[in-house]
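In what follows, a single structure is set out as structure tokens and then discussed.
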Amino acid sequence: MRLPGRALRLLPLLLVPLAVGCSGDQQADYCDAVREHQRELSDVAASEDAGALFDALDTYDELREEAPRDIADDWETVIAPLRRLEELLADHGVDPSTYAADEPPADLDEEERRAIEAAAREVGSERTVAAMAAVEQHALDVCGTPLSR
């Protein structure tokens with residue numbers, strides 16, 4: 001059976017609501033997760049403890065898992081360097097709350113210090129900062145709420 005030309009032109013328009021409905025559910029779940037974790041992320045953002053950021057990583061992971069496809073890669077760009085820095089600090093027994101690059105722990109050798117500093121630079125890189133700005137803007141634009149207050 002062949003569809004008439006007009007039906008073929010209308011077919012994509014008929015399929016759009018189905019696609020939007022699926023992504024709408026994912027979007028709603030993501031926005032619910034953003035609202036659910038907003039207080040926790042606000043506490044982390046307000047903290048003066050440099051190590052508090054690592055407390056947010058499990059929440060960031062959850063948000064990445066819930067995130068719509070259009071923002072999931074940005075979440076990964078935010079999370080990956082943080083996980084790498086967290087891993088390096090833990091591997092070398094360094095407390096992120098007290099680490100200072102200008103006064104590293106005495107038992108940290110030069111190579112370990114350089115690795116930690118390189119990982120910290122990646123966390124603060126333009127790419128990571130831009131990705132964080134994108135997830136924050138997405139939460140505002142799509143969910144109507146900031147990640148933190």
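How things are named: the first chain in the structure tokens is A, the next is B, and so on; residues count from 1 in each chain; ligands count from 1 in the order shown.
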Please report, as a Markdown table, each residue of stretch 37-88 of chain A lying at most 7 Å from stretch 97-109 of chain A, together with the nearest pair of atoms and the separation in Å rounded to one decimal; use only C-alpha atoms, and order rows by chain and ascending residue number.
```
| residue | atom | partner | partner_atom | distance |
| --- | --- | --- | --- | --- |
| A:Asp49 | CA | A:Ser97 | CA | 5.7 |
| A:Ala50 | CA | A:Ser97 | CA | 5.0 |
| A:Gly51 | CA | A:Ser97 | CA | 4.4 |
```
Between A:Val94, A:Ser148, A:Ala115, A:Arg35, smallest distance to A:Glu136 by only C-alpha atoms belongs to A:Ser148
Atom pair atom CA of A:Pro146 / atom CA of A:Ala45: separation (Å) |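 So the answer is 11.9 Å.
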Residues near A:Ile71, cut-off 9 Å, only C-alpha atoms, skip fewer than 3 positions along chain, as a list of chain:residue names | A:Arg64, A:Ala67, A:Pro68, A:Asp74, A:Trp75, A:Glu76, A:Ala131, A:Ala134, A:Val135, A:His138
Take the residues from that selection and write them out as a PDB file, in the first residue's frame, keeping N, CA, C and O atoms.
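The file below, part21.pdb, is the result:
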```pdb
ATOM      1  N   ARG A  64      23.797  13.168  35.829  1.00  0.00           N
ATOM      2  CA  ARG A  64      24.266  12.764  34.493  1.00  0.00           C
ATOM      3  C   ARG A  64      23.448  11.579  33.977  1.00  0.00           C
ATOM      4  O   ARG A  64      23.068  11.529  32.816  1.00  0.00           O
ATOM      5  N   ALA A  67      20.097  12.854  32.964  1.00  0.00           N
ATOM      6  CA  ALA A  67      20.129  13.973  32.014  1.00  0.00           C
ATOM      7  C   ALA A  67      19.669  13.569  30.622  1.00  0.00           C
ATOM      8  O   ALA A  67      19.989  12.483  30.133  1.00  0.00           O
ATOM      9  N   PRO A  68      18.942  14.469  29.973  1.00  0.00           N
ATOM     10  CA  PRO A  68      18.624  14.260  28.560  1.00  0.00           C
ATOM     11  C   PRO A  68      19.912  14.227  27.744  1.00  0.00           C
ATOM     12  O   PRO A  68      20.939  14.773  28.158  1.00  0.00           O
ATOM     13  N   ASP A  74      27.927  17.193  28.585  1.00  0.00           N
ATOM     14  CA  ASP A  74      28.457  18.276  29.425  1.00  0.00           C
ATOM     15  C   ASP A  74      28.633  17.805  30.861  1.00  0.00           C
ATOM     16  O   ASP A  74      29.628  18.136  31.513  1.00  0.00           O
ATOM     17  N   TRP A  75      27.688  17.017  31.355  1.00  0.00           N
ATOM     18  CA  TRP A  75      27.850  16.465  32.710  1.00  0.00           C
ATOM     19  C   TRP A  75      29.118  15.611  32.779  1.00  0.00           C
ATOM     20  O   TRP A  75      29.876  15.698  33.748  1.00  0.00           O
ATOM     21  N   GLU A  76      29.351  14.805  31.766  1.00  0.00           N
ATOM     22  CA  GLU A  76      30.553  13.957  31.755  1.00  0.00           C
ATOM     23  C   GLU A  76      31.809  14.812  31.753  1.00  0.00           C
ATOM     24  O   GLU A  76      32.790  14.499  32.423  1.00  0.00           O
ATOM     25  N   ALA A 131      31.416  23.628  30.416  1.00  0.00           N
ATOM     26  CA  ALA A 131      30.456  22.533  30.556  1.00  0.00           C
ATOM     27  C   ALA A 131      29.594  22.732  31.802  1.00  0.00           C
ATOM     28  O   ALA A 131      28.378  22.495  31.770  1.00  0.00           O
ATOM     29  N   ALA A 134      27.084  25.273  31.089  1.00  0.00           N
ATOM     30  CA  ALA A 134      26.028  24.725  30.231  1.00  0.00           C
ATOM     31  C   ALA A 134      25.008  23.927  31.038  1.00  0.00           C
ATOM     32  O   ALA A 134      23.797  24.070  30.816  1.00  0.00           O
ATOM     33  N   VAL A 135      25.465  23.103  31.988  1.00  0.00           N
ATOM     34  CA  VAL A 135      24.496  22.331  32.778  1.00  0.00           C
ATOM     35  C   VAL A 135      23.700  23.256  33.705  1.00  0.00           C
ATOM     36  O   VAL A 135      22.508  23.032  33.935  1.00  0.00           O
ATOM     37  N   HIS A 138      21.188  25.031  31.440  1.00  0.00           N
ATOM     38  CA  HIS A 138      20.159  24.071  31.039  1.00  0.00           C
ATOM     39  C   HIS A 138      19.140  23.892  32.157  1.00  0.00           C
ATOM     40  O   HIS A 138      17.931  23.861  31.901  1.00  0.00           O
TER      41      HIS A 138
END
```
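The closest residue to A:Ala133, picked from A:Val78, A:Ala33, A:Leu57, A:Leu88 and counting only C-alpha atoms, is A:Val78.
Counting only C-alpha atoms and comparing A:Thr59, A:Asp43, A:Phe54, A:Gly144, the residue that lies closest to A:Glu86 is A:Phe54.
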Could you give me, as an NGL selection string, the residues within 10 Å of A:Arg121, counting only C-alpha atoms and dropping anything in the same chain fewer than 5 positions from it?
-> :A and (81 or 85 or 115-116 or 126 or 128)
Serialized selection, C-alpha atoms, as a PDB file, in the first residue's frame:
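The resulting file, part_6.pdb, is shown below:
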```pdb
ATOM      1  CA  PRO A  81      38.241  15.689  35.756  1.00  0.00           C
ATOM      2  CA  LEU A  85      41.527  14.704  40.857  1.00  0.00           C
ATOM      3  CA  ALA A 115      50.050  15.117  38.706  1.00  0.00           C
ATOM      4  CA  ILE A 116      47.704  16.614  41.308  1.00  0.00           C
ATOM      5  CA  GLU A 126      37.928  26.521  30.174  1.00  0.00           C
ATOM      6  CA  THR A 128      35.234  22.108  32.263  1.00  0.00           C
TER       7      THR A 128
END
```
Based on DSSP run over this structure's backbone, return all residues of stretch 6-143 of chain A in helix (DSSP H, G or I), as a tab-separated table (two decimals) with N, CA and C atoms, in the first residue's frame.
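Written file, selection-v9.tsv:
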```
chain	number	residue	atom	x	y	z
A	6	ARG	N	0.56	13.70	0.23
A	6	ARG	CA	0.25	14.53	1.39
A	6	ARG	C	0.48	13.76	2.70
A	7	ALA	N	0.08	12.49	2.75
A	7	ALA	CA	0.27	11.67	3.95
A	7	ALA	C	1.75	11.51	4.24
A	8	LEU	N	2.56	11.35	3.20
A	8	LEU	CA	4.00	11.22	3.41
A	8	LEU	C	4.58	12.50	4.01
A	9	ARG	N	4.08	13.65	3.56
A	9	ARG	CA	4.57	14.92	4.11
A	9	ARG	C	4.13	15.11	5.55
A	10	LEU	N	2.98	14.59	5.91
A	10	LEU	CA	2.45	14.76	7.28
A	10	LEU	C	3.02	13.73	8.25
A	11	LEU	N	3.54	12.64	7.75
A	11	LEU	CA	4.04	11.57	8.62
A	11	LEU	C	5.06	12.06	9.64
A	12	PRO	N	6.08	12.86	9.25
A	12	PRO	CA	7.02	13.34	10.27
A	12	PRO	C	6.33	14.17	11.35
A	13	LEU	N	5.34	14.95	10.98
A	13	LEU	CA	4.63	15.76	11.96
A	13	LEU	C	3.84	14.90	12.94
A	14	LEU	N	3.37	13.77	12.48
A	14	LEU	CA	2.63	12.86	13.35
A	14	LEU	C	3.56	12.12	14.31
A	15	LEU	N	4.79	11.92	13.90
A	15	LEU	CA	5.75	11.20	14.73
A	15	LEU	C	6.40	12.09	15.78
A	16	VAL	N	6.44	13.40	15.56
A	16	VAL	CA	7.08	14.32	16.51
A	16	VAL	C	6.51	14.20	17.91
A	17	PRO	N	5.16	14.17	18.10
A	17	PRO	CA	4.64	14.07	19.47
A	17	PRO	C	5.12	12.80	20.19
A	18	LEU	N	5.31	11.72	19.43
A	18	LEU	CA	5.80	10.50	20.07
A	18	LEU	C	7.22	10.69	20.58
A	19	ALA	N	8.07	11.29	19.77
A	19	ALA	CA	9.46	11.52	20.19
A	19	ALA	C	9.52	12.51	21.33
A	20	VAL	N	8.73	13.58	21.24
A	20	VAL	CA	8.75	14.58	22.30
A	20	VAL	C	8.25	13.99	23.60
A	21	GLY	N	7.24	13.13	23.53
A	21	GLY	CA	6.71	12.51	24.73
A	21	GLY	C	7.76	11.70	25.46
A	22	CYS	N	8.56	10.97	24.71
A	22	CYS	CA	9.62	10.18	25.34
A	22	CYS	C	10.65	11.08	25.99
A	23	SER	N	11.12	12.08	25.24
A	23	SER	CA	12.13	12.96	25.80
A	23	SER	C	11.54	13.81	26.91
A	24	GLY	N	10.25	14.12	26.81
A	24	GLY	CA	9.59	14.89	27.85
A	24	GLY	C	9.60	14.17	29.18
A	25	ASP	N	9.39	12.84	29.14
A	25	ASP	CA	9.45	12.05	30.37
A	25	ASP	C	10.84	12.09	30.97
A	26	GLN	N	11.84	11.92	30.12
A	26	GLN	CA	13.22	11.96	30.59
A	26	GLN	C	13.54	13.35	31.14
A	27	GLN	N	13.08	14.35	30.43
A	27	GLN	CA	13.30	15.72	30.86
A	27	GLN	C	12.64	15.96	32.23
A	28	ALA	N	11.43	15.48	32.40
A	28	ALA	CA	10.71	15.66	33.67
A	28	ALA	C	11.45	14.95	34.79
A	29	ASP	N	11.94	13.74	34.52
A	29	ASP	CA	12.70	13.01	35.54
A	29	ASP	C	13.97	13.75	35.92
A	30	TYR	N	14.64	14.29	34.91
A	30	TYR	CA	15.86	15.05	35.16
A	30	TYR	C	15.56	16.29	35.99
A	31	CYS	N	14.53	17.01	35.62
A	31	CYS	CA	14.17	18.23	36.35
A	31	CYS	C	13.76	17.89	37.79
A	32	ASP	N	13.09	16.78	37.98
A	32	ASP	CA	12.76	16.34	39.34
A	32	ASP	C	14.04	16.09	40.14
A	33	ALA	N	15.02	15.44	39.50
A	33	ALA	CA	16.30	15.17	40.17
A	33	ALA	C	17.04	16.47	40.50
A	34	VAL	N	16.98	17.44	39.59
A	34	VAL	CA	17.62	18.74	39.85
A	34	VAL	C	17.00	19.38	41.08
A	35	ARG	N	15.67	19.40	41.13
A	35	ARG	CA	14.99	20.00	42.28
A	35	ARG	C	15.27	19.23	43.57
A	36	GLU	N	15.31	17.91	43.47
A	36	GLU	CA	15.56	17.05	44.63
A	36	GLU	C	16.94	17.32	45.25
A	37	HIS	N	17.92	17.60	44.41
A	37	HIS	CA	19.30	17.76	44.89
A	37	HIS	C	19.72	19.22	45.05
A	38	GLN	N	18.82	20.13	44.79
A	38	GLN	CA	19.18	21.56	44.81
A	38	GLN	C	19.72	22.01	46.16
A	39	ARG	N	19.09	21.62	47.23
A	39	ARG	CA	19.56	22.05	48.57
A	39	ARG	C	20.98	21.53	48.83
A	40	GLU	N	21.20	20.27	48.54
A	40	GLU	CA	22.53	19.67	48.73
A	40	GLU	C	23.59	20.40	47.90
A	41	LEU	N	23.27	20.67	46.64
A	41	LEU	CA	24.21	21.37	45.77
A	41	LEU	C	24.41	22.81	46.21
A	42	SER	N	23.39	23.41	46.77
A	42	SER	CA	23.51	24.77	47.32
A	42	SER	C	24.47	24.79	48.49
A	43	ASP	N	24.37	23.77	49.35
A	43	ASP	CA	25.28	23.67	50.49
A	43	ASP	C	26.73	23.52	50.03
A	44	VAL	N	26.93	22.71	49.01
A	44	VAL	CA	28.28	22.52	48.47
A	44	VAL	C	28.80	23.83	47.88
A	45	ALA	N	27.96	24.51	47.12
A	45	ALA	CA	28.38	25.77	46.48
A	45	ALA	C	28.71	26.84	47.52
A	46	ALA	N	28.02	26.82	48.64
A	46	ALA	CA	28.23	27.83	49.68
A	46	ALA	C	29.40	27.48	50.61
A	52	ALA	N	34.55	19.99	49.72
A	52	ALA	CA	33.10	19.82	49.64
A	52	ALA	C	32.64	19.49	48.23
A	53	LEU	N	33.36	19.96	47.24
A	53	LEU	CA	32.99	19.69	45.87
A	53	LEU	C	32.95	18.18	45.58
A	54	PHE	N	33.84	17.45	46.20
A	54	PHE	CA	33.87	16.00	45.98
A	54	PHE	C	32.66	15.32	46.60
A	55	ASP	N	32.05	15.97	47.59
A	55	ASP	CA	30.83	15.42	48.18
A	55	ASP	C	29.67	15.46	47.19
A	57	LEU	N	29.93	14.72	43.99
A	57	LEU	CA	30.16	13.86	42.82
A	57	LEU	C	29.11	12.77	42.63
A	58	ASP	N	28.65	12.16	43.69
A	58	ASP	CA	27.61	11.13	43.53
A	58	ASP	C	26.32	11.76	43.00
A	59	THR	N	26.02	12.96	43.46
A	59	THR	CA	24.86	13.68	42.96
A	59	THR	C	25.05	14.04	41.50
A	60	TYR	N	26.24	14.51	41.14
A	60	TYR	CA	26.53	14.82	39.74
A	60	TYR	C	26.36	13.56	38.88
A	61	ASP	N	26.83	12.42	39.38
A	61	ASP	CA	26.66	11.17	38.64
A	61	ASP	C	25.18	10.86	38.41
A	62	GLU	N	24.39	11.04	39.45
A	62	GLU	CA	22.96	10.77	39.33
A	62	GLU	C	22.31	11.72	38.32
A	63	LEU	N	22.68	12.98	38.37
A	63	LEU	CA	22.13	13.94	37.41
A	63	LEU	C	22.56	13.60	35.99
A	64	ARG	N	23.80	13.17	35.83
A	64	ARG	CA	24.27	12.76	34.49
A	64	ARG	C	23.45	11.58	33.98
A	65	GLU	N	23.17	10.62	34.86
A	65	GLU	CA	22.39	9.45	34.45
A	65	GLU	C	20.96	9.83	34.06
A	66	GLU	N	20.39	10.82	34.73
A	66	GLU	CA	19.03	11.26	34.46
A	66	GLU	C	18.96	12.26	33.30
A	69	ARG	N	19.84	13.61	26.60
A	69	ARG	CA	21.04	13.45	25.76
A	69	ARG	C	21.74	14.77	25.45
A	70	ASP	N	20.98	15.83	25.31
A	70	ASP	CA	21.59	17.10	24.91
A	70	ASP	C	22.48	17.72	25.97
A	71	ILE	N	22.43	17.23	27.20
A	71	ILE	CA	23.27	17.80	28.26
A	71	ILE	C	24.15	16.74	28.93
A	72	ALA	N	23.94	15.47	28.64
A	72	ALA	CA	24.69	14.39	29.29
A	72	ALA	C	26.20	14.50	29.05
A	73	ASP	N	26.61	14.87	27.85
A	73	ASP	CA	28.05	15.00	27.57
A	73	ASP	C	28.69	16.11	28.39
A	74	ASP	N	27.93	17.19	28.58
A	74	ASP	CA	28.46	18.28	29.43
A	74	ASP	C	28.63	17.80	30.86
A	75	TRP	N	27.69	17.02	31.35
A	75	TRP	CA	27.85	16.47	32.71
A	75	TRP	C	29.12	15.61	32.78
A	76	GLU	N	29.35	14.81	31.77
A	76	GLU	CA	30.55	13.96	31.76
A	76	GLU	C	31.81	14.81	31.75
A	77	THR	N	31.78	15.91	31.01
A	77	THR	CA	32.93	16.82	30.95
A	77	THR	C	33.20	17.45	32.31
A	78	VAL	N	32.17	17.68	33.08
A	78	VAL	CA	32.33	18.22	34.44
A	78	VAL	C	32.85	17.14	35.39
A	79	ILE	N	32.28	15.98	35.32
A	79	ILE	CA	32.55	14.93	36.31
A	79	ILE	C	33.93	14.27	36.12
A	80	ALA	N	34.31	13.97	34.91
A	80	ALA	CA	35.55	13.20	34.67
A	80	ALA	C	36.78	13.84	35.30
A	81	PRO	N	37.04	15.13	35.12
A	81	PRO	CA	38.24	15.69	35.76
A	81	PRO	C	38.14	15.74	37.28
A	82	LEU	N	36.93	15.91	37.80
A	82	LEU	CA	36.76	15.90	39.26
A	82	LEU	C	37.07	14.52	39.82
A	83	ARG	N	36.58	13.48	39.14
A	83	ARG	CA	36.87	12.10	39.58
A	83	ARG	C	38.37	11.83	39.51
A	84	ARG	N	39.00	12.30	38.46
A	84	ARG	CA	40.46	12.08	38.31
A	84	ARG	C	41.22	12.75	39.44
A	85	LEU	N	40.86	14.00	39.76
A	85	LEU	CA	41.53	14.70	40.86
A	85	LEU	C	41.24	14.02	42.19
A	86	GLU	N	40.01	13.62	42.40
A	86	GLU	CA	39.65	12.91	43.63
A	86	GLU	C	40.47	11.63	43.78
A	87	GLU	N	40.62	10.91	42.69
A	87	GLU	CA	41.39	9.65	42.69
A	87	GLU	C	42.85	9.90	43.03
A	88	LEU	N	43.45	10.90	42.41
A	88	LEU	CA	44.85	11.22	42.67
A	88	LEU	C	45.08	11.63	44.13
A	89	LEU	N	44.21	12.46	44.63
A	89	LEU	CA	44.34	12.89	46.03
A	89	LEU	C	44.23	11.69	46.96
A	90	ALA	N	43.26	10.83	46.72
A	90	ALA	CA	43.07	9.65	47.56
A	90	ALA	C	44.26	8.70	47.45
A	91	ASP	N	44.75	8.48	46.22
A	91	ASP	CA	45.88	7.58	46.01
A	91	ASP	C	47.12	8.03	46.78
A	110	GLU	N	57.71	15.22	43.99
A	110	GLU	CA	57.51	16.21	42.92
A	110	GLU	C	56.58	15.68	41.82
A	111	GLU	N	56.74	14.43	41.43
A	111	GLU	CA	55.90	13.85	40.38
A	111	GLU	C	54.43	13.77	40.82
A	112	GLU	N	54.22	13.37	42.05
A	112	GLU	CA	52.85	13.31	42.58
A	112	GLU	C	52.23	14.70	42.65
A	113	ARG	N	53.01	15.66	43.08
A	113	ARG	CA	52.52	17.04	43.17
A	113	ARG	C	52.15	17.57	41.79
A	114	ARG	N	53.00	17.30	40.80
A	114	ARG	CA	52.71	17.75	39.43
A	114	ARG	C	51.44	17.11	38.89
A	115	ALA	N	51.25	15.82	39.18
A	115	ALA	CA	50.05	15.12	38.71
A	115	ALA	C	48.79	15.71	39.33
A	116	ILE	N	48.85	16.00	40.62
A	116	ILE	CA	47.70	16.61	41.31
A	116	ILE	C	47.43	18.00	40.75
A	117	GLU	N	48.46	18.78	40.55
A	117	GLU	CA	48.27	20.13	40.02
A	117	GLU	C	47.73	20.11	38.60
A	118	ALA	N	48.18	19.16	37.79
A	118	ALA	CA	47.66	19.04	36.42
A	118	ALA	C	46.18	18.67	36.45
A	119	ALA	N	45.81	17.77	37.33
A	119	ALA	CA	44.41	17.38	37.45
A	119	ALA	C	43.56	18.55	37.94
A	120	ALA	N	44.10	19.34	38.86
A	120	ALA	CA	43.38	20.52	39.36
A	120	ALA	C	43.21	21.55	38.25
A	121	ARG	N	44.23	21.71	37.41
A	121	ARG	CA	44.11	22.65	36.28
A	121	ARG	C	43.01	22.19	35.32
A	122	GLU	N	42.89	20.89	35.12
A	122	GLU	CA	41.84	20.35	34.24
A	122	GLU	C	40.45	20.64	34.83
A	123	VAL	N	40.32	20.54	36.14
A	123	VAL	CA	39.04	20.87	36.79
A	123	VAL	C	38.69	22.33	36.53
A	126	GLU	N	39.01	25.85	30.90
A	126	GLU	CA	37.93	26.52	30.17
A	126	GLU	C	36.86	25.51	29.73
A	127	ARG	N	37.30	24.35	29.29
A	127	ARG	CA	36.37	23.31	28.83
A	127	ARG	C	35.45	22.85	29.96
A	128	THR	N	36.02	22.58	31.12
A	128	THR	CA	35.23	22.11	32.26
A	128	THR	C	34.31	23.21	32.77
A	129	VAL	N	34.84	24.41	32.86
A	129	VAL	CA	34.03	25.54	33.33
A	129	VAL	C	32.88	25.81	32.37
A	130	ALA	N	33.12	25.73	31.07
A	130	ALA	CA	32.07	25.95	30.08
A	130	ALA	C	31.00	24.86	30.18
A	131	ALA	N	31.42	23.63	30.42
A	131	ALA	CA	30.46	22.53	30.56
A	131	ALA	C	29.59	22.73	31.80
A	132	MET	N	30.20	23.18	32.89
A	132	MET	CA	29.43	23.44	34.11
A	132	MET	C	28.44	24.58	33.87
A	133	ALA	N	28.87	25.60	33.17
A	133	ALA	CA	27.97	26.71	32.84
A	133	ALA	C	26.81	26.20	31.99
A	134	ALA	N	27.08	25.27	31.09
A	134	ALA	CA	26.03	24.72	30.23
A	134	ALA	C	25.01	23.93	31.04
A	135	VAL	N	25.46	23.10	31.99
A	135	VAL	CA	24.50	22.33	32.78
A	135	VAL	C	23.70	23.26	33.70
A	136	GLU	N	24.35	24.29	34.21
A	136	GLU	CA	23.63	25.25	35.05
A	136	GLU	C	22.59	26.01	34.23
A	137	GLN	N	22.97	26.45	33.03
A	137	GLN	CA	22.03	27.18	32.19
A	137	GLN	C	20.88	26.28	31.75
A	138	HIS	N	21.19	25.03	31.44
A	138	HIS	CA	20.16	24.07	31.04
A	138	HIS	C	19.14	23.89	32.16
A	139	ALA	N	19.60	23.77	33.39
A	139	ALA	CA	18.68	23.62	34.52
A	139	ALA	C	17.75	24.83	34.61
A	140	LEU	N	18.30	26.00	34.41
A	140	LEU	CA	17.48	27.22	34.44
A	140	LEU	C	16.50	27.27	33.28
A	141	ASP	N	16.99	27.03	32.09
A	141	ASP	CA	16.16	27.16	30.89
A	141	ASP	C	15.09	26.07	30.78
A	142	VAL	N	15.47	24.85	31.06
A	142	VAL	CA	14.58	23.72	30.82
A	142	VAL	C	13.77	23.36	32.06
A	143	CYS	N	14.42	23.38	33.21
A	143	CYS	CA	13.74	22.99	34.45
A	143	CYS	C	13.15	24.18	35.18
```
